[in-house]
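Undergrad: What follows is a single structure, and I will ask about it in a moment.
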Amino acid sequence: MNSAIIHRILIPVDFSPAGESAIKYGSYLANKYRADIFLLHILENPHAYPPAWFTDKNASKGTIDEKVKEKMDEYAEDITKKYGVYVQTIITTGKPAFKIIATVTEHDADLIVMGTHGVQGFEAFFIGSTAHKVVNLSPCPVVTIREGFESSELKSIVLPIDESRYSRQKVSNVLPLAAKCKSTVHVLGIVQTDDKSDIAKLNIKINTVQEAIEKAGLTFVRKVVKGSNIAMEAMKYAEEVNADLLSIMTDHESDMTGIFMGAFARQIVNHSKVPVLSIKPITGPYESAS
């Protein structure tokens with residue numbers, strides 16, 4: 001994917017509040033990039049749909065299919081009217097995470113924007129694992145939005161920079177997005193120790209990021225914090241500054257190490273109240289900061 005260009009955005013639709021937030025968020029981005037939208041719904045068990053949709057308790061498959069198509073068409077019409085972008089609806093069956101990835105490949109999507117519910121207990125594990133599968137398997141960046149997030153604009157983006165090898169790769173995705181949306185970029189350096197050498201190395205990384213931001217002519221804020229739980233520090237800061245997006249790297253290779261990998265990435269995707277942009281690292285001997 002060319003990180004500076006978004007032509008096609010895939011938005012999985014499940015008719016939940018989180019899904020509604022994802023539609024608004026994705027439509028806003030599509031308007032900024034003049035991108036096409038693909039609305040995807042994967043048919044579920046009849047009990048998964050709002051009872052108010054049906055006039056009787058025993059809705060047939062035909063009734064469900066018709067109602068889903070009606071609702072998807074309503075979404076598409078509303079998006080086109082409000083945001084002025086092309087929308088295509090897709091209704092299919094299959095396992096959600098894998099069907100989402102297959103649709104990305106089929107339609108060459110540049111970005112996925114999807115809701116995640118962020119509740120407690122077994123449901124949180126199941127829903128979170130679906131989002132986590134999409135984040136880890138997707139060939140393109142993924143924005144996950146938790147239920148309860150209302151804003152549909154990107155006024156501020158948190159860009160965490162840590163000691164991991166691939167941390168700065170987020171920059172090439174975040175800066176073009178910030179430029180399109182005229183966002184303030186919050187560069188958050190996160191350290192786990194008081195070691196002066198580690199802090200100095202981190203500041204060198206941050207300096208290169210700051211140079212790229214200044215070159216792009218963007219407004220930015222720079223801050224360094226210390227914390228043992230890097231995921232919690234990133235989420236806490238994002239809430240403090242009322243961010244509209246928190247960018248992270250996610251794990252795709254078993255031999256990769258670093259702060260925003262594995263459990264940390266999953267923790268953020270499942271629990272961040274701020275939308276999360278998850279980006280797959282490009283592995284290799286060198287890391288690019290822009």
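Ligands are numbered from 1 in the order shown, residues from 1 within each chain, and chains are lettered A, B, ... in the order they appear in the structure tokens.
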Restrict the calculation to only C-alpha atoms, then for each residue of range 70-185 of chain A with any atom at most 6 Å from an atom of range 277-282 of chain A give the closest atom pair and their distance in Å to one decimal, rows by chain and rising residue number, as a tab-separated table.

TA:
```
residue	atom	partner	partner_atom	distance
A:Pro141	CA	A:Ile279	CA	4.8
A:Val142	CA	A:Ser278	CA	5.2
A:Val143	CA	A:Leu277	CA	4.4
```

Undergrad: For the contact check between range 12-116 of chain A and range 177-194 of chain A, emit one row per residue of range 12-116 of chain A within 10 Å, containing the shortest atom pair and the distance in Å rounded to one decimal, counting only C-alpha atoms, chain then rising number order, as a Markdown table.

TA:
```
| residue | atom | partner | partner_atom | distance |
| --- | --- | --- | --- | --- |
| A:Tyr28 | CA | A:Cys181 | CA | 9.5 |
| A:Leu29 | CA | A:Cys181 | CA | 8.3 |
| A:Lys32 | CA | A:Lys180 | CA | 6.5 |
| A:Tyr33 | CA | A:Lys180 | CA | 7.5 |
```

Undergrad: Going by DSSP on the backbone, which residues of range 23-161 of chain A come out as helix (DSSP H, G or I)? List them as an MDAnalysis selection string.

TA: chainID A and resid 23:33 46:48 51:53 61:83 96:107 121:137

Undergrad: Residues within 7 Å of range 112-116 of chain A, please, as a ChimeraX atom specification. Count only C-alpha atoms; anything in the same chain fewer than 2 positions from it doesn't count.

TA: /A:9-12,18-19,22,26,118,127-128,131,141-147

Undergrad: Write the residues of the preceding selection, restricted to N, CA and C atoms, as an mmCIF file, in the first residue's frame.

TA:
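Written output follows (result.cif):
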```cif
data_model
loop_
_atom_site.group_PDB
_atom_site.id
_atom_site.type_symbol
_atom_site.label_atom_id
_atom_site.label_comp_id
_atom_site.auth_asym_id
_atom_site.auth_seq_id
_atom_site.Cartn_x
_atom_site.Cartn_y
_atom_site.Cartn_z
ATOM 1 N N ILE A 9 -11.838 1.987 0.875
ATOM 2 C CA ILE A 9 -11.962 1.721 2.310
ATOM 3 C C ILE A 9 -13.026 0.647 2.523
ATOM 4 N N LEU A 10 -12.664 -0.395 3.262
ATOM 5 C CA LEU A 10 -13.614 -1.454 3.597
ATOM 6 C C LEU A 10 -14.156 -1.224 4.999
ATOM 7 N N ILE A 11 -15.484 -1.206 5.136
ATOM 8 C CA ILE A 11 -16.119 -1.031 6.444
ATOM 9 C C ILE A 11 -17.039 -2.221 6.714
ATOM 10 N N PRO A 12 -16.620 -3.159 7.574
ATOM 11 C CA PRO A 12 -17.516 -4.248 7.965
ATOM 12 C C PRO A 12 -18.687 -3.688 8.787
ATOM 13 N N ALA A 18 -21.024 0.281 17.766
ATOM 14 C CA ALA A 18 -19.622 0.391 17.364
ATOM 15 C C ALA A 18 -19.505 0.392 15.847
ATOM 16 N N GLY A 19 -20.330 -0.427 15.196
ATOM 17 C CA GLY A 19 -20.339 -0.459 13.742
ATOM 18 C C GLY A 19 -20.809 0.847 13.146
ATOM 19 N N ALA A 22 -18.009 3.221 13.234
ATOM 20 C CA ALA A 22 -17.037 2.900 12.190
ATOM 21 C C ALA A 22 -17.485 3.443 10.841
ATOM 22 N N GLY A 26 -15.191 6.002 8.894
ATOM 23 C CA GLY A 26 -14.702 5.615 7.579
ATOM 24 C C GLY A 26 -15.206 6.515 6.475
ATOM 25 N N GLY A 118 -15.348 -4.097 22.991
ATOM 26 C CA GLY A 118 -14.648 -3.734 24.215
ATOM 27 C C GLY A 118 -15.401 -3.973 25.498
ATOM 28 N N ILE A 127 -15.068 -11.334 20.651
ATOM 29 C CA ILE A 127 -15.126 -10.203 19.729
ATOM 30 C C ILE A 127 -13.738 -9.618 19.526
ATOM 31 N N GLY A 128 -12.999 -9.501 20.651
ATOM 32 C CA GLY A 128 -11.659 -8.953 20.547
ATOM 33 C C GLY A 128 -10.754 -9.814 19.686
ATOM 34 N N ALA A 131 -11.395 -9.094 15.978
ATOM 35 C CA ALA A 131 -10.711 -7.873 15.566
ATOM 36 C C ALA A 131 -9.206 -8.096 15.515
ATOM 37 N N PRO A 141 -3.466 -1.369 6.574
ATOM 38 C CA PRO A 141 -3.740 -0.865 7.926
ATOM 39 C C PRO A 141 -5.204 -1.025 8.309
ATOM 40 N N VAL A 142 -5.438 -1.124 9.612
ATOM 41 C CA VAL A 142 -6.791 -1.317 10.142
ATOM 42 C C VAL A 142 -7.071 -0.286 11.230
ATOM 43 N N VAL A 143 -8.211 0.380 11.139
ATOM 44 C CA VAL A 143 -8.670 1.253 12.223
ATOM 45 C C VAL A 143 -9.784 0.522 12.956
ATOM 46 N N THR A 144 -9.601 0.310 14.269
ATOM 47 C CA THR A 144 -10.634 -0.309 15.096
ATOM 48 C C THR A 144 -11.227 0.741 16.018
ATOM 49 N N ILE A 145 -12.563 0.718 16.133
ATOM 50 C CA ILE A 145 -13.274 1.742 16.904
ATOM 51 C C ILE A 145 -14.155 1.061 17.934
ATOM 52 N N ARG A 146 -13.963 1.435 19.178
ATOM 53 C CA ARG A 146 -14.732 0.843 20.262
ATOM 54 C C ARG A 146 -16.085 1.539 20.408
ATOM 55 N N GLU A 147 -17.064 0.770 20.856
ATOM 56 C CA GLU A 147 -18.401 1.318 21.095
ATOM 57 C C GLU A 147 -18.331 2.503 22.067
#
```

Undergrad: Could you state the separation of CA of Thr93 in chain A and CA of Leu39 in chain A in Å, given to one decimal place?

TA: 13.9 Å

Undergrad: Go through A:Glu106, A:Asp162, A:Asp195, A:Glu153 and flag the residue nearest Glu233 in chain A, using only C-alpha atoms for the distances.

TA: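 Among the listed residues, A:Asp162 lies closest to Glu233 in chain A.
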
Undergrad: Please determine, counting only C-alpha atoms, which residue among A:Thr63, A:Ser272, A:Ser172, A:Ser197 has the shortest atom-to-atom distance to Lys236 in chain A.

TA: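 Using only C-alpha atoms, Lys236 in chain A sits closest to A:Ser272.
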